[in-house]
$ cat target_12.cif   # mmCIF, C-alpha atoms and all ligand atoms
data_input
#
loop_
_atom_site.label_atom_id
_atom_site.label_comp_id
_atom_site.auth_asym_id
_atom_site.auth_seq_id
_atom_site.Cartn_x
_atom_site.Cartn_y
_atom_site.Cartn_z
CA MET H 1190 40.35 145.55 55.57
CA LYS H 1191 42.34 142.37 56.09
CA TYR H 1192 45.86 142.45 57.46
CA LEU H 1193 48.70 139.94 57.48
CA ILE H 1194 50.78 140.83 60.52
CA THR H 1195 54.06 138.94 60.73
CA GLY H 1196 55.80 138.56 64.08
CA GLY H 1197 52.55 139.47 65.81
CA ALA H 1198 53.36 137.35 68.86
CA GLY H 1199 56.42 139.45 69.67
CA PHE H 1200 56.70 142.68 71.64
CA ILE H 1201 55.72 145.39 69.15
CA GLY H 1202 53.61 143.22 66.83
CA SER H 1203 51.34 142.04 69.66
CA ASN H 1204 50.86 145.62 70.88
CA PHE H 1205 49.94 146.60 67.30
CA ILE H 1206 47.31 143.83 67.09
CA HIS H 1207 45.70 144.99 70.35
CA TYR H 1208 45.64 148.55 69.03
CA LEU H 1209 44.18 147.66 65.61
CA PHE H 1210 41.30 145.63 67.07
CA ASP H 1211 40.52 148.42 69.58
CA LYS H 1212 40.54 151.09 66.91
CA TYR H 1213 38.98 149.20 63.98
CA PRO H 1214 36.70 146.48 65.41
CA GLU H 1215 35.63 145.31 61.94
CA ILE H 1216 39.05 144.46 60.52
CA GLU H 1217 40.45 140.96 60.11
CA ILE H 1218 43.95 139.92 61.06
CA ILE H 1219 46.06 136.90 60.20
CA ASN H 1220 49.06 136.74 62.53
CA LEU H 1221 51.94 134.71 61.06
CA ASP H 1222 54.58 133.98 63.67
CA LYS H 1223 57.21 131.28 64.00
CA LEU H 1224 57.05 131.43 67.80
CA THR H 1225 60.78 131.69 68.33
CA TYR H 1226 61.96 132.28 71.90
CA ALA H 1227 60.59 135.84 71.54
CA GLY H 1228 57.15 134.89 70.26
CA ASN H 1229 54.63 134.51 73.05
CA LEU H 1230 50.94 133.72 72.68
CA ASP H 1231 50.39 134.95 76.25
CA ASN H 1232 50.65 138.45 74.69
CA LEU H 1233 47.47 137.73 72.72
CA LYS H 1234 45.37 135.77 75.21
CA LYS H 1235 42.47 138.14 74.62
CA PHE H 1236 42.15 136.89 71.04
CA SER H 1237 42.58 133.18 71.59
CA ALA H 1238 39.79 130.86 70.42
CA GLU H 1239 39.22 129.70 74.00
CA SER H 1240 38.77 133.21 75.39
CA GLY H 1241 35.27 133.57 73.93
CA SER H 1242 36.11 137.16 72.98
CA ALA H 1243 34.30 139.18 70.30
CA SER H 1244 36.75 137.87 67.77
CA GLY H 1245 36.18 134.21 68.67
CA GLY H 1246 33.72 131.70 67.18
CA GLU H 1247 32.68 131.11 63.58
CA ASN H 1248 33.16 134.64 62.25
CA TYR H 1249 36.63 134.67 63.62
CA ARG H 1250 38.33 137.96 62.75
CA TYR H 1251 41.66 136.91 64.22
CA LYS H 1252 43.60 133.92 63.03
CA PHE H 1253 46.96 132.77 64.30
CA VAL H 1254 49.21 130.79 61.96
CA LYS H 1255 52.40 129.27 63.31
CA GLY H 1256 54.95 129.46 60.53
CA ASP H 1257 58.06 131.00 59.05
CA ILE H 1258 58.09 134.11 56.86
CA ALA H 1259 60.80 132.36 54.83
CA ASP H 1260 58.34 129.57 53.88
CA ALA H 1261 57.31 130.74 50.39
CA GLU H 1262 54.41 128.33 49.95
CA LEU H 1263 52.76 129.27 53.23
CA VAL H 1264 53.44 132.97 52.77
CA ASN H 1265 51.92 132.95 49.27
CA LYS H 1266 48.79 131.26 50.55
CA LEU H 1267 48.35 133.86 53.31
CA VAL H 1268 49.29 136.98 51.36
CA ARG H 1269 46.69 136.07 48.73
CA GLN H 1270 43.97 136.43 51.39
CA VAL H 1271 44.80 139.94 52.65
CA ASP H 1272 44.89 143.60 51.60
CA VAL H 1273 47.89 144.75 53.65
CA VAL H 1274 51.09 143.15 54.93
CA VAL H 1275 52.85 144.61 57.97
CA ASN H 1276 56.21 142.96 58.58
CA PHE H 1277 57.33 142.93 62.22
CA ALA H 1278 58.85 139.43 62.12
CA ALA H 1279 62.56 139.52 62.81
CA GLU H 1280 65.35 138.38 65.00
CA SER H 1281 65.59 141.59 66.98
CA HIS H 1282 68.29 141.39 69.67
CA VAL H 1283 71.81 142.66 68.90
CA ASP H 1284 73.51 140.48 71.53
CA ARG H 1285 71.96 137.34 70.03
CA SER H 1286 73.18 138.37 66.57
CA ILE H 1287 76.72 138.17 67.95
CA LEU H 1288 76.09 134.67 69.36
CA ASP H 1289 74.31 133.27 66.26
CA PRO H 1290 74.26 135.48 63.14
CA ALA H 1291 72.91 132.95 60.59
CA VAL H 1292 69.28 133.03 61.73
CA PHE H 1293 69.31 136.85 61.44
CA ILE H 1294 70.13 136.54 57.75
CA LYS H 1295 67.55 133.81 57.18
CA THR H 1296 64.65 135.62 58.85
CA ASN H 1297 65.47 139.28 58.39
CA VAL H 1298 66.85 139.12 54.85
CA LEU H 1299 65.49 135.98 53.15
CA GLY H 1300 62.19 136.10 55.03
CA THR H 1301 61.57 139.71 54.01
CA GLN H 1302 62.33 138.87 50.37
CA VAL H 1303 59.86 135.96 50.46
CA LEU H 1304 57.16 138.28 51.82
CA LEU H 1305 57.93 140.96 49.24
CA GLU H 1306 57.81 138.46 46.39
CA ALA H 1307 54.44 137.16 47.58
CA ALA H 1308 53.09 140.72 47.90
CA HIS H 1309 54.32 141.47 44.38
CA LYS H 1310 53.04 138.24 42.78
CA ASN H 1311 49.61 138.41 44.43
CA GLY H 1312 48.43 141.74 43.04
CA LYS H 1313 50.90 144.25 44.47
CA LYS H 1314 49.67 144.22 48.07
CA ARG H 1315 50.32 147.27 50.26
CA PHE H 1316 53.44 146.45 52.29
CA HIS H 1317 54.76 148.15 55.40
CA HIS H 1318 58.18 147.16 56.70
CA VAL H 1319 59.09 147.80 60.34
CA SER H 1320 62.76 148.70 60.63
CA THR H 1321 65.25 150.33 62.93
CA ASP H 1322 67.36 153.46 63.34
CA GLU H 1323 70.39 151.17 63.81
CA VAL H 1324 70.81 150.76 60.04
CA TYR H 1325 72.27 154.29 59.96
CA GLY H 1326 75.28 153.28 62.09
CA SER H 1327 76.71 155.11 65.06
CA ILE H 1328 77.30 158.78 65.93
CA SER H 1329 80.20 159.93 68.11
CA LEU H 1330 79.35 161.35 71.52
CA ASP H 1331 80.79 164.80 70.79
CA SER H 1332 78.78 165.21 67.58
CA ASP H 1333 75.41 166.97 67.29
CA GLU H 1334 74.62 165.09 64.07
CA LYS H 1335 71.12 163.74 63.63
CA TRP H 1336 70.28 161.31 60.86
CA THR H 1337 67.58 162.07 58.32
CA GLU H 1338 65.77 159.60 56.07
CA GLU H 1339 68.33 160.55 53.38
CA SER H 1340 71.40 159.66 55.46
CA PRO H 1341 73.59 156.82 54.14
CA TYR H 1342 73.16 153.35 55.55
CA GLN H 1343 76.18 152.33 57.69
CA PRO H 1344 75.13 149.30 59.77
CA ARG H 1345 77.78 147.89 62.11
CA SER H 1346 76.17 144.95 63.92
CA LEU H 1347 75.01 141.64 62.47
CA TYR H 1348 71.48 142.61 63.46
CA SER H 1349 71.56 146.06 61.85
CA ALA H 1350 73.32 144.71 58.74
CA SER H 1351 70.49 142.21 58.28
CA LYS H 1352 67.84 144.90 58.83
CA ALA H 1353 69.64 147.22 56.38
CA ALA H 1354 69.61 144.45 53.76
CA SER H 1355 65.88 144.00 54.32
CA ASP H 1356 65.24 147.74 53.89
CA HIS H 1357 67.19 147.72 50.61
CA LEU H 1358 65.08 144.83 49.35
CA VAL H 1359 61.88 146.71 50.24
CA ARG H 1360 63.11 149.75 48.30
CA ALA H 1361 64.18 147.56 45.37
CA TYR H 1362 60.69 146.01 45.10
CA PHE H 1363 59.26 149.53 44.97
CA HIS H 1364 61.65 150.76 42.28
CA THR H 1365 61.66 147.59 40.20
CA PHE H 1366 58.06 146.39 40.42
CA GLY H 1367 56.16 149.39 41.76
CA LEU H 1368 55.19 147.48 44.91
CA PRO H 1369 53.38 149.98 47.20
CA VAL H 1370 55.76 149.92 50.16
CA THR H 1371 56.60 152.13 53.11
CA ILE H 1372 59.32 151.73 55.74
CA SER H 1373 59.49 153.03 59.30
CA ASN H 1374 62.85 153.24 61.08
CA CYS H 1375 62.21 153.48 64.78
CA ALA H 1376 64.15 154.16 67.98
CA ASN H 1377 64.35 151.81 71.01
CA ASN H 1378 60.86 150.87 72.17
CA LEU H 1379 59.68 150.37 75.75
CA GLY H 1380 56.37 149.07 77.05
CA PRO H 1381 54.20 146.00 77.70
CA TYR H 1382 55.31 142.54 76.50
CA MET H 1383 58.94 143.54 75.90
CA TYR H 1384 60.96 140.33 76.23
CA PRO H 1385 63.23 140.64 79.31
CA GLU H 1386 66.49 140.46 77.35
CA LYS H 1387 66.50 144.10 76.25
CA PHE H 1388 68.29 146.60 78.50
CA ILE H 1389 65.33 148.21 80.26
CA SER H 1390 63.09 145.13 80.55
CA LEU H 1391 66.07 143.14 81.82
CA ALA H 1392 66.90 145.93 84.27
CA ILE H 1393 63.36 146.27 85.66
CA THR H 1394 62.86 142.52 86.06
CA ASN H 1395 66.33 141.99 87.57
CA LEU H 1396 65.61 144.76 90.07
CA LEU H 1397 62.22 143.27 90.96
CA GLU H 1398 64.03 139.96 91.54
CA GLY H 1399 66.54 141.63 93.87
CA LYS H 1400 69.39 141.32 91.34
CA LYS H 1401 71.73 143.90 89.84
CA VAL H 1402 71.52 145.65 86.46
CA PRO H 1403 74.36 144.78 84.06
CA VAL H 1404 75.60 147.96 82.37
CA TYR H 1405 77.92 147.37 79.41
CA GLY H 1406 81.27 149.19 79.52
CA GLU H 1407 80.95 152.55 81.27
CA GLY H 1408 77.32 153.07 80.23
CA LYS H 1409 78.14 156.11 78.08
CA GLN H 1410 76.14 155.04 75.02
CA VAL H 1411 73.08 157.05 74.09
CA ARG H 1412 69.78 155.65 72.84
CA GLU H 1413 66.44 157.31 72.04
CA TRP H 1414 63.67 155.65 74.07
CA LEU H 1415 60.13 155.64 72.77
CA HIS H 1416 56.94 154.23 74.26
CA VAL H 1417 55.65 151.39 72.04
CA GLU H 1418 52.28 153.15 71.81
CA ASP H 1419 53.94 156.02 69.96
CA HIS H 1420 55.45 153.47 67.56
CA TYR H 1421 52.26 151.59 66.67
CA VAL H 1422 50.22 154.79 66.33
CA ALA H 1423 52.86 156.03 63.87
CA ILE H 1424 52.73 152.79 61.85
CA ASP H 1425 48.95 153.04 61.59
CA LEU H 1426 49.29 156.65 60.44
CA ILE H 1427 51.88 155.69 57.81
CA LEU H 1428 49.53 152.99 56.51
CA GLU H 1429 46.75 155.53 56.31
CA LYS H 1430 48.55 158.62 55.01
CA GLY H 1431 52.13 157.68 54.15
CA LYS H 1432 53.38 158.09 50.61
CA VAL H 1433 54.38 154.82 48.97
CA GLY H 1434 58.09 154.42 48.34
CA GLU H 1435 58.89 156.60 51.36
CA THR H 1436 60.75 156.01 54.61
CA TYR H 1437 59.66 157.64 57.88
CA PHE H 1438 61.65 157.99 61.10
CA VAL H 1439 59.77 157.41 64.37
CA GLY H 1440 61.33 158.72 67.58
CA PRO H 1441 60.50 160.27 70.95
CA PRO H 1442 59.80 163.95 71.70
CA ASP H 1443 62.91 166.10 71.32
CA GLU H 1444 64.04 166.50 74.90
CA ASP H 1445 65.66 164.04 77.23
CA ARG H 1446 68.67 162.08 75.88
CA PRO H 1447 70.51 160.55 78.88
CA ASN H 1448 73.18 157.91 78.35
CA ASN H 1449 72.63 154.31 79.48
CA LEU H 1450 74.05 154.91 82.95
CA GLU H 1451 71.94 158.04 83.47
CA THR H 1452 68.89 156.17 82.17
CA ILE H 1453 69.38 153.39 84.72
CA LYS H 1454 69.81 155.99 87.47
CA LYS H 1455 66.44 157.48 86.46
CA LEU H 1456 64.94 154.00 86.60
CA LEU H 1457 66.40 153.32 90.05
CA LYS H 1458 64.93 156.60 91.27
CA ILE H 1459 61.48 155.67 89.93
CA MET H 1460 61.78 152.28 91.67
CA ASN H 1461 63.17 153.84 94.91
CA LEU H 1462 66.32 151.75 94.76
CA PRO H 1463 69.96 152.68 95.49
CA GLU H 1464 72.64 153.13 92.82
CA ASP H 1465 74.68 150.21 94.16
CA ARG H 1466 72.26 147.98 92.22
CA ILE H 1467 74.30 148.86 89.10
CA GLU H 1468 76.98 146.41 87.99
CA PHE H 1469 79.44 147.37 85.25
CA VAL H 1470 80.18 144.42 82.98
CA LYS H 1471 82.27 143.75 79.87
CA ASP H 1472 81.20 145.84 76.89
CA ARG H 1473 79.25 144.58 73.86
CA PRO H 1474 81.64 143.96 70.91
CA GLY H 1475 81.27 146.72 68.28
CA HIS H 1476 78.86 148.59 70.59
CA ASP H 1477 77.18 151.46 68.68
CA VAL H 1478 77.81 154.66 70.61
CA LYS H 1479 74.88 156.91 69.84
CA TYR H 1480 71.70 156.99 67.76
CA ALA H 1481 69.95 160.28 66.99
CA MET H 1482 67.20 160.88 64.45
CA ASN H 1483 65.71 164.04 63.03
CA THR H 1484 62.03 163.11 63.05
CA SER H 1485 60.66 166.26 61.41
CA LYS H 1486 59.47 164.45 58.23
CA ILE H 1487 56.76 162.38 59.92
CA ARG H 1488 55.76 165.37 62.05
CA LYS H 1489 55.44 167.76 59.12
CA GLU H 1490 54.12 165.42 56.44
CA LEU H 1491 51.83 163.17 58.48
CA GLY H 1492 51.17 165.35 61.55
CA PHE H 1493 52.58 162.78 63.97
CA THR H 1494 53.42 163.88 67.52
CA PRO H 1495 54.79 161.33 70.00
CA LYS H 1496 52.86 161.41 73.24
CA TYR H 1497 55.18 160.28 76.02
CA SER H 1498 58.26 161.88 77.62
CA LEU H 1499 61.08 159.61 78.73
CA ASP H 1500 60.04 159.86 82.40
CA GLU H 1501 56.45 158.91 81.56
CA THR H 1502 57.62 156.05 79.35
CA LEU H 1503 59.88 154.65 82.08
CA LYS H 1504 57.18 155.01 84.77
CA LYS H 1505 54.50 153.33 82.62
CA THR H 1506 56.89 150.51 81.75
CA VAL H 1507 57.90 149.93 85.39
CA GLU H 1508 54.21 149.83 86.37
CA TRP H 1509 53.45 147.25 83.68
CA TYR H 1510 56.23 144.91 84.85
CA GLN H 1511 55.18 145.41 88.48
CA THR H 1512 51.61 144.37 87.71
CA ASN H 1513 52.40 141.59 85.23
CA ILE H 1514 54.89 139.58 87.26
CA GLU H 1515 53.52 136.22 86.13
CA TRP H 1516 54.08 137.12 82.48
CA TRP H 1517 57.82 137.78 82.83
CA GLN H 1518 58.52 135.21 85.56
CA LYS H 1519 57.27 132.49 83.21
CA ILE H 1520 59.80 133.62 80.59
CA LYS H 1521 62.68 134.09 83.02
CA GLY H 1522 62.01 130.67 84.56
CA SER H 1523 62.24 128.88 81.20
CA PRO H 1524 65.32 126.78 80.30
CA GLU H 1525 65.74 128.78 77.07
CA TYR H 1526 66.01 132.04 78.98
CA LYS H 1527 68.31 130.65 81.67
CA ASN H 1528 70.68 129.24 79.02
CA TYR H 1529 70.76 132.55 77.21
CA TYR H 1530 71.32 134.53 80.42
CA ASP H 1531 74.21 132.30 81.50
CA GLN H 1532 75.81 132.43 78.08
CA GLN H 1533 75.44 136.18 77.85
CA TYR H 1534 76.22 137.32 81.41
CA ALA H 1535 77.92 134.60 83.47
CA LYS H 1536 81.49 135.46 82.40
CA ARG H 1537 81.12 139.19 81.85
P1 LIG D 1601 60.56 140.57 69.12
O1 LIG D 1601 61.87 139.87 69.08
O2 LIG D 1601 59.92 140.86 70.42
O3 LIG D 1601 59.49 139.76 68.24
C1 LIG D 1601 59.80 139.21 67.00
C2 LIG D 1601 58.65 138.28 66.62
O4 LIG D 1601 58.95 137.73 65.31
C3 LIG D 1601 58.49 137.08 67.56
O5 LIG D 1601 57.13 136.87 67.85
C4 LIG D 1601 59.08 135.92 66.76
O6 LIG D 1601 58.50 134.67 67.10
C5 LIG D 1601 58.74 136.34 65.34
N1 LIG D 1601 59.62 135.72 64.35
C6 LIG D 1601 60.96 135.64 64.38
N2 LIG D 1601 61.41 134.99 63.29
C7 LIG D 1601 60.33 134.68 62.55
C8 LIG D 1601 60.14 134.04 61.31
N3 LIG D 1601 61.19 133.56 60.60
N4 LIG D 1601 58.90 133.90 60.81
C9 LIG D 1601 57.83 134.35 61.52
N5 LIG D 1601 57.94 134.96 62.71
C10 LIG D 1601 59.18 135.13 63.21
O7 LIG D 1601 60.79 141.89 68.27
P2 LIG D 1601 60.18 143.35 68.48
O8 LIG D 1601 61.01 144.06 69.48
O9 LIG D 1601 58.73 143.26 68.66
O10 LIG D 1601 60.52 143.98 67.06
C11 LIG D 1601 59.57 143.91 66.00
C12 LIG D 1601 60.17 144.58 64.78
O11 LIG D 1601 60.47 145.94 65.09
C13 LIG D 1601 61.48 143.96 64.30
O12 LIG D 1601 61.48 143.96 62.90
C14 LIG D 1601 62.56 144.89 64.84
O13 LIG D 1601 63.68 144.89 64.00
C15 LIG D 1601 61.83 146.23 64.79
N6 LIG D 1601 62.25 147.25 65.78
C16 LIG D 1601 62.30 146.92 67.11
C17 LIG D 1601 62.63 147.92 68.03
C18 LIG D 1601 62.69 147.65 69.51
O14 LIG D 1601 63.11 148.53 70.27
N7 LIG D 1601 62.29 146.48 69.98
C19 LIG D 1601 62.94 149.22 67.58
C20 LIG D 1601 62.90 149.49 66.21
C21 LIG D 1601 62.54 148.49 65.31
O1 LIG D 1602 67.39 151.34 68.16
C1 LIG D 1602 66.40 150.41 67.88
C2 LIG D 1602 66.85 149.04 68.34
O2 LIG D 1602 66.82 149.06 69.75
C3 LIG D 1602 66.00 147.90 67.79
O3 LIG D 1602 66.13 147.85 66.40
C4 LIG D 1602 66.42 146.56 68.39
O4 LIG D 1602 65.53 145.54 67.97
C5 LIG D 1602 66.39 146.68 69.90
O5 LIG D 1602 66.88 145.48 70.47
C6 LIG D 1602 67.22 147.87 70.37
O6 LIG D 1602 68.63 147.64 70.16
P1 LIG D 1602 69.72 148.08 71.25
O7 LIG D 1602 70.93 147.26 71.07
O8 LIG D 1602 69.86 149.56 71.30
O9 LIG D 1602 68.90 147.66 72.58
P2 LIG D 1602 69.33 146.91 73.92
O10 LIG D 1602 68.16 146.99 74.83
O11 LIG D 1602 69.92 145.58 73.65
O12 LIG D 1602 70.49 147.84 74.47
C7 LIG D 1602 70.25 149.20 74.76
C8 LIG D 1602 71.55 149.79 75.26
O13 LIG D 1602 71.86 149.22 76.55
C9 LIG D 1602 72.74 149.47 74.40
O14 LIG D 1602 73.62 150.59 74.42
C10 LIG D 1602 73.40 148.28 75.07
C11 LIG D 1602 73.11 148.52 76.53
N1 LIG D 1602 72.94 147.31 77.36
C12 LIG D 1602 72.11 146.33 76.90
C13 LIG D 1602 71.91 145.19 77.65
C14 LIG D 1602 71.01 144.08 77.14
C15 LIG D 1602 73.57 147.20 78.59
O15 LIG D 1602 74.30 148.12 79.01
N2 LIG D 1602 73.36 146.07 79.32
C16 LIG D 1602 72.57 145.05 78.92
O16 LIG D 1602 72.44 144.03 79.63
#
$ encode --input "target_12.cif" --output "structure tokens" --more "lines below"
Ligand code: NAD
Ligand code: DAU
Amino acid sequence: MKYLITGGAGFIGSNFIHYLFDKYPEIEIINLDKLTYAGNLDNLKKFSAESGSASGGENYRYKFVKGDIADAELVNKLVRQVDVVVNFAAESHVDRSILDPAVFIKTNVLGTQVLLEAAHKNGKKRFHHVSTDEVYGSISLDSDEKWTEESPYQPRSLYSASKAASDHLVRAYFHTFGLPVTISNCANNLGPYMYPEKFISLAITNLLEGKKVPVYGEGKQVREWLHVEDHYVAIDLILEKGKVGETYFVGPPDEDRPNNLETIKKLLKIMNLPEDRIEFVKDRPGHDVKYAMNTSKIRKELGFTPKYSLDETLKKTVEWYQTNIEWWQKIKGSPEYKNYYDQQYAKR
């Protein structure tokens, strides 16, 4: 089996590549990644040509291609060579979509269409699209509503609007051309290689640096936190057993749903730090209040059970950042990161 993984140098894509090679040593992978600020080849050192790993040398089963999913010529050339396309590539951070929306449309919408067209034109390749729960909008705090895969799309941020558009395109290629697609809409991931701009990776690394954690508004928003391992295992299962044309929700076990402030308090407890390390800052514009998914479809139809509780997920993630200090210090020390951090937090 030969895979084209897009965005494989990012957080979730790189974890997926590690998992696939561990589980299926005979597969081949082409990783197409533009190496934006979020793409990081340090996440894939094990597979680099210089590492002399099992996948190095002449019979190279891993190939990295630096390029843009919106580049139709390149994408056509690569899609032709594979059996399956898994699309992780995206601009993924909501706060950046407020600062610079255009690139979200180019990558998330146009890029996805270019990939779909290539999959369609090159023999209807199996296509899995990695998406987000955010396309379903925002639930009020006093409501017990949980979205299902049939709920209407109501995106409210530039990021989620672009991801919603990409999901619609995926569905349209299925209905119009019979392209064998599946979509997963997943909750907030945590785990290794998460770029330190997202709430929890920013919080852990700030705390390890002796800084405070910026909590937007009063910290009352609710997210569903899932260990990245539970996400990539679910994607693999959907590729194996999922029904084409279908969408599957992926979320954590049904238990702990603290708000952002309570989540940071849990984190501080795990790290043995006092609550005065919290700093309330100006809220995110259009901040979605709550996400909640009913994940019974993937459980019943594909037999998927997420493995990690929230406490385990937080502990494992803290441990990873404590033992991989070089990885995140290199990012946080870069001019790109410092510019972003100043722009995003200096005046809050
Ligand atoms: P990330 O920002 O860490 O990585 C994105 C990767 O895509 C980077 O390696 C980047 O270089 C690459 N990329 C960006 N634009 C590209 C382009 N035009 N062409 C080729 N490569 C490009 O993102 P992530 O957190 O790993 O998210 C992966 C996917 O999962 C995204 O589609 C995101 O919407 C979705 N998702 C993320 C989460 C989460 O909590 N992080 C949750 C649900 C869904
Ligand atoms: O729900 C899935 C989505 O989760 C993914 O599709 C996105 O790619 C991913 O970025 C994530 O989006 P969120 O906006 O939920 O994640 P973020 O980590 O940016 O924020 C989580 C919550 O924490 C949110 O309510 C905003 C808040 N927050 C965030 C940051 C960065 C803060 O309070 N302070 C912060 O500094």
$ residues_near_ligand --input "target_12.cif" --ligand "ligand LIG 1602 (chain D)" --cutoff "6 Å" --atoms "all atoms listed in the file" --output "list in words"
Ser1281, His1282, Val1283, Thr1321, Asp1322, Glu1323, Ala1376, Asn1377, Glu1386, Lys1387, Phe1388, Pro1403, Val1404, Tyr1405, Gly1408, Gln1410 and Asn1449 of chain H
$ residues_around --input "target_12.cif" --residues "stretch 1354-1366 of chain H" --least-positions-apart "4" --cutoff "12 Å" --atoms "all atoms listed in the file" --output "MDAnalysis selection string"
chainID H and resid 1276:1279 1293:1310 1312:1325 1341:1344 1347:1350 1370:1374 1432:1436
$ closest_residue --input "target_12.cif" --among "H:Lys1335, H:Lys1212, H:Arg1250, H:Arg1412" --to "ligand LIG 1601 (chain D)" --atoms "all atoms listed in the file"
H:Arg1412
$ closest_atom_pairs --input "target_12.cif" --of "stretch 1286-1398 of chain H" --to "stretch 1222-1240 of chain H" --cutoff "10 Å" --atoms "all atoms listed in the file" --output "JSON lines"
{"residue": "H:Pro1381", "atom": "CA", "partner": "H:Asn1232", "partner_atom": "CA", "distance": 8.9}
{"residue": "H:Tyr1382", "atom": "CA", "partner": "H:Asn1232", "partner_atom": "CA", "distance": 6.5}
{"residue": "H:Met1383", "atom": "CA", "partner": "H:Ala1227", "partner_atom": "CA", "distance": 9.0}
{"residue": "H:Tyr1384", "atom": "CA", "partner": "H:Ala1227", "partner_atom": "CA", "distance": 6.5}
{"residue": "H:Pro1385", "atom": "CA", "partner": "H:Ala1227", "partner_atom": "CA", "distance": 9.5}
{"residue": "H:Glu1386", "atom": "CA", "partner": "H:Ala1227", "partner_atom": "CA", "distance": 9.5}
$ axis_aligned_box --input "target_12.cif" --around "stretch 1330-1336 of chain H" --padding-each-side "4 Å" --output "JSON"
{"center_x": 75.5, "center_y": 164.1, "center_z": 66.2, "size_x": 18.5, "size_y": 13.7, "size_z": 18.7}
$ atom_distance --input "target_12.cif" --atom1 "atom CA of H:Ser1203" --atom2 "atom CA of H:Phe1438"
20.8 Å
